[in-house]
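Participant: The structure follows.
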Amino acid sequence: MAARVVAIVQARMGSSRLPGKVLADLGGQPALAWVTRRAARAQRIDQVVVATSTDGQDDPIAEFCQAAGLPCTRGSLHDVLDRFHQAAEESRAEIVVRLTGDCPLIDPSILDDNLGVFLAAQPGLDFAANRLPGQPRSIPIGLDAEYCTRAALDTAWRQAEAPHQREHVMPFLYENPQRFNTLHMEHHPSYGQYRWTLDTPDDLQLLREVVVHFKDDTFSWTDVIGLFEQQPHLAQINAAVQHKSQYDVDSRQ
């Protein structure tokens with residue numbers, strides 16, 4: 001029997017640079033709706049769940065999930081690894097796909113391609129990602145996805161201690177390559193110069209300008225590449241935004 005693959009989308013309202021970003025309006029729908037719908041189109045993903053916190057400010061996310069019929073796990077605000085572990089348990093995940101609620105252009109074809117590699121690898125992989133800190137980026141920021149086995153996630157949950165490992169969920173796995181079989185999935189040619197994530201007002205402006213060019217949300221990431229090649233000024237809208245690193249942790253804890 002095939003392993004049960006669950007995409008867990010972490011989301012919270014308390015962004016430091018753009019509060020409420022995951023429910024920001026994007027083409028008439030909350031950004032989180034884009035993430036969950038597009039991820040659900042991946043044929044290798046069995047279920048999409050949202051993992052938010054028990055903090056009162058995240059009640060609107062839980063309400064959105066209830067209205068949309070989406071499973072929602074509520075756990076620790078800052079220990080996101082614990083929240084992911086809880087969501088994996090509740091959803092009976094055997095393979096976990098980590099996504100974030102600020103990536104509305106996530107592409108099901110990339111998820112399927114990555115999962116195909118992950119599931120077919122021999123010897124089996126513990127962790128894989130289509131971007132890794134310290135390695136050249138080959139996909140646009142905003143198409144990031146990480147994959148791990150439930151056993152690897154359980155180990156990280158039990159043993160990870162550093163604050164960035166708890167907040168960013170997966171670093172314990174790729175920071176211990178001697179313990180885990182990991183893979184960095186690169187794309188050729190590289191499109192790592194583009195930024196399609198949602199973390200600042202400039203990012204939101206860009207994404208709103210992108211989606212108006214398409215009739216619905218079924219366009220592919222290569223369609224967006226084509227749009228940027230036709231209209232290179234789009235990339236300048238958020239070109240000055242500094243991307244956060246995996247060592248950044250929320251100072252409001």
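Residues in the structure tokens are numbered from 1 in each chain, the chains being A, B, ... in the order shown, and ligands are numbered from 1 in the order shown.
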When you look at Ala7 (chain A) with a cut-off of 10 Å (counting only C-alpha atoms), what residues show up, excluding the ones that are within fewer than 2 positions of it in the same chain? I need them as a list in words.
Facilitator: Val5, Val9, Gln10, Thr36, Ala39, Ala40, Ala42, Ile45, Asp46, Gln47, Val48, Val49, Val50, Ala87, Ala88, Ser91, Ala93, Ile95, Val96, Val97, Arg98, Leu99, Thr100, Leu111, Ala145, Glu146 and Tyr147 of chain A
Participant: Would you list, as number ranges by chain, the residues of region 42-209 of chain A that end up in helix (DSSP H, G or I) under DSSP run on this structure's backbone?
Facilitator: A: 56-68, 80-91, 108-120, 150-159, 163-167, 171-174, 201-209
Participant: Taking into account only C-alpha atoms, which residue in the set A:Arg137, A:Gly142, A:Thr182, A:Glu161 is nearest to Gln122 (chain A)?
Facilitator: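 Of all the options, A:Thr182 lies closest to Gln122 (chain A).
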Participant: In region 46-209 of chain A, what's strand (DSSP E or B) per DSSP? Answer as a list in words?
Facilitator: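 Output for region 46-209 of chain A, strand (DSSP E or B) only: Gln47, Val48, Val49, Val50, Ala51, Thr52, Ser53, Cys72, Thr73, Arg74, Gly75, Ile95, Val96, Val97, Arg98, Leu99, Thr100, Phe127, Ala128, Ala129, Ile141, Glu146, Tyr147, Cys148, Thr149, Thr182, Leu183, His184 and Arg195 of chain A.
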Participant: Give me the residues within 6 Å of Gly192 (chain A) as a list in words, counting only C-alpha atoms and dropping any in the same chain fewer than 4 places off.
Facilitator: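 Returned residues: Arg137, Ser138, Ile139 and Pro140 of chain A.
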Participant: Compare A:Pro108, A:Arg4, A:Arg179, A:Phe214 by their minimum atom-to-atom distance to Glu89 (chain A), counting only C-alpha atoms, and give me the closest one.
Facilitator: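 Looking only at the distances to Glu89 (chain A), the closest residue turns out to be A:Arg4.
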Participant: Can you check which parts of region 130-210 of chain A lie within 12 Å of region 233-237 of chain A? Per residue, the shortest pair of atoms and distance in Å to one decimal, counting only C-alpha atoms, sorted by chain and number, as a Markdown table.
Facilitator:
```
| residue | atom | partner | partner_atom | distance |
| --- | --- | --- | --- | --- |
| A:Pro140 | CA | A:Ala235 | CA | 11.1 |
| A:Ile141 | CA | A:Ala235 | CA | 12.0 |
| A:Tyr191 | CA | A:Ala235 | CA | 11.9 |
| A:Gly192 | CA | A:Ala235 | CA | 11.9 |
| A:Gln193 | CA | A:Ala235 | CA | 8.8 |
| A:Tyr194 | CA | A:Ala235 | CA | 6.7 |
| A:Arg195 | CA | A:Ala235 | CA | 7.5 |
| A:Trp196 | CA | A:Ala235 | CA | 9.1 |
| A:Thr200 | CA | A:Ile237 | CA | 11.1 |
| A:Pro201 | CA | A:Ile237 | CA | 10.0 |
| A:Asp202 | CA | A:Ile237 | CA | 6.2 |
| A:Asp203 | CA | A:Ile237 | CA | 7.5 |
| A:Leu204 | CA | A:Ile237 | CA | 9.7 |
| A:Gln205 | CA | A:Ile237 | CA | 7.5 |
| A:Leu206 | CA | A:Ile237 | CA | 6.0 |
| A:Leu207 | CA | A:Leu234 | CA | 9.4 |
| A:Arg208 | CA | A:Leu234 | CA | 10.8 |
| A:Glu209 | CA | A:Leu234 | CA | 8.0 |
| A:Val210 | CA | A:Leu234 | CA | 8.2 |
```
Participant: Just the selected residues (N, CA and C atoms), exported as a short mmCIF file (atom, residue, chain, number, x, y, z; two decimals), in the first residue's frame, please.
Facilitator:
```
data_model
loop_
_atom_site.label_atom_id
_atom_site.label_comp_id
_atom_site.auth_asym_id
_atom_site.auth_seq_id
_atom_site.Cartn_x
_atom_site.Cartn_y
_atom_site.Cartn_z
N PRO A 140 11.81 29.92 -7.92
CA PRO A 140 11.41 31.19 -7.30
C PRO A 140 11.09 31.03 -5.82
N ILE A 141 11.42 32.04 -5.03
CA ILE A 141 10.98 32.08 -3.64
C ILE A 141 9.46 32.11 -3.65
N TYR A 191 15.59 29.50 -11.93
CA TYR A 191 14.73 30.69 -11.87
C TYR A 191 14.73 31.26 -10.45
N GLY A 192 15.83 31.07 -9.76
CA GLY A 192 15.92 31.47 -8.38
C GLY A 192 15.94 32.97 -8.15
N GLN A 193 15.99 33.75 -9.22
CA GLN A 193 16.03 35.21 -9.07
C GLN A 193 14.67 35.81 -8.77
N TYR A 194 13.60 35.03 -8.94
CA TYR A 194 12.26 35.57 -8.76
C TYR A 194 11.76 35.39 -7.32
N ARG A 195 10.93 36.34 -6.88
CA ARG A 195 10.36 36.29 -5.53
C ARG A 195 8.84 36.35 -5.64
N TRP A 196 8.19 35.21 -5.33
CA TRP A 196 6.73 35.10 -5.44
C TRP A 196 6.07 34.81 -4.10
N THR A 200 5.57 40.95 2.55
CA THR A 200 5.61 42.41 2.69
C THR A 200 4.53 43.02 1.80
N PRO A 201 4.21 44.31 2.01
CA PRO A 201 3.25 44.97 1.12
C PRO A 201 3.68 44.93 -0.34
N ASP A 202 4.99 45.04 -0.61
CA ASP A 202 5.45 44.96 -1.99
C ASP A 202 5.17 43.59 -2.60
N ASP A 203 5.35 42.53 -1.80
CA ASP A 203 5.04 41.18 -2.28
C ASP A 203 3.56 41.08 -2.64
N LEU A 204 2.70 41.63 -1.80
CA LEU A 204 1.26 41.56 -2.05
C LEU A 204 0.90 42.32 -3.32
N GLN A 205 1.52 43.47 -3.51
CA GLN A 205 1.27 44.23 -4.74
C GLN A 205 1.65 43.41 -5.97
N LEU A 206 2.81 42.78 -5.91
CA LEU A 206 3.26 41.97 -7.04
C LEU A 206 2.29 40.82 -7.33
N LEU A 207 1.93 40.07 -6.28
CA LEU A 207 1.06 38.92 -6.48
C LEU A 207 -0.30 39.34 -7.03
N ARG A 208 -0.81 40.47 -6.57
CA ARG A 208 -2.08 40.96 -7.11
C ARG A 208 -1.95 41.32 -8.59
N GLU A 209 -0.82 41.85 -8.97
CA GLU A 209 -0.63 42.17 -10.39
C GLU A 209 -0.47 40.91 -11.23
N VAL A 210 0.08 39.86 -10.63
CA VAL A 210 0.24 38.60 -11.35
C VAL A 210 -1.11 37.94 -11.61
#
```
Participant: Figure out the distance between CA of Leu143 (chain A) and CA of Ala128 (chain A), please, to one decimal in Å.
Facilitator: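 We find that CA of Ala128 (chain A) and CA of Leu143 (chain A) lie 14.1 Å from each other.
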Participant: Name all residues at most 8 Å from Ile61 (chain A) (count only C-alpha atoms; drop same-chain ones fewer than 3 positions away) and give them as a list in words.
Facilitator: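 Once the nearby chain positions are removed, what remains is Ala11, Arg12, Met13, Leu23, Thr52, Asp58, Phe64 and Cys65 of chain A.
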Participant: Kindly give the distance, in Å, that separates CA of Cys148 (chain A) and CA of Phe127 (chain A), rounded to a single decimal.
Facilitator: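 Between CA of Cys148 (chain A) and CA of Phe127 (chain A) the gap works out to 4.3 Å.
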Participant: Considering only C-alpha atoms, can you say which of A:Asp154, A:Asp113, A:Asp144, A:Asp55 comes closest to Leu77 (chain A)?
Facilitator: A:Asp55
Participant: So, with only C-alpha atoms as the atoms that count, which of A:Gly28, A:His78, A:Arg44, A:Leu70 lies closest to Gly14 (chain A)?
Facilitator: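 Looking at the shortest contact to Gly14 (chain A), the residue is A:His78.
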Participant: Choose the residue, out of A:Asp199, A:Glu167, A:Gly116, A:Pro232, that has the smallest atom-to-atom separation from Ser16 (chain A); count only C-alpha atoms.
Facilitator: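 Residue with the minimum atom-to-atom distance to Ser16 (chain A): A:Asp199.
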Participant: My list of candidates is A:Leu26, A:Val241, A:Ala160, A:Leu183. Which is closest to Asn114 (chain A) when distances are computed with only C-alpha atoms?
Facilitator: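 Among A:Leu26, A:Val241, A:Ala160, A:Leu183, it is A:Leu183 that comes nearest to Asn114 (chain A).
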Participant: What lies within 8 Å of Arg74 (chain A) using only C-alpha atoms, ignoring chain neighbours under 5 positions off, as number ranges by chain?
Facilitator: A: 51-54, 83
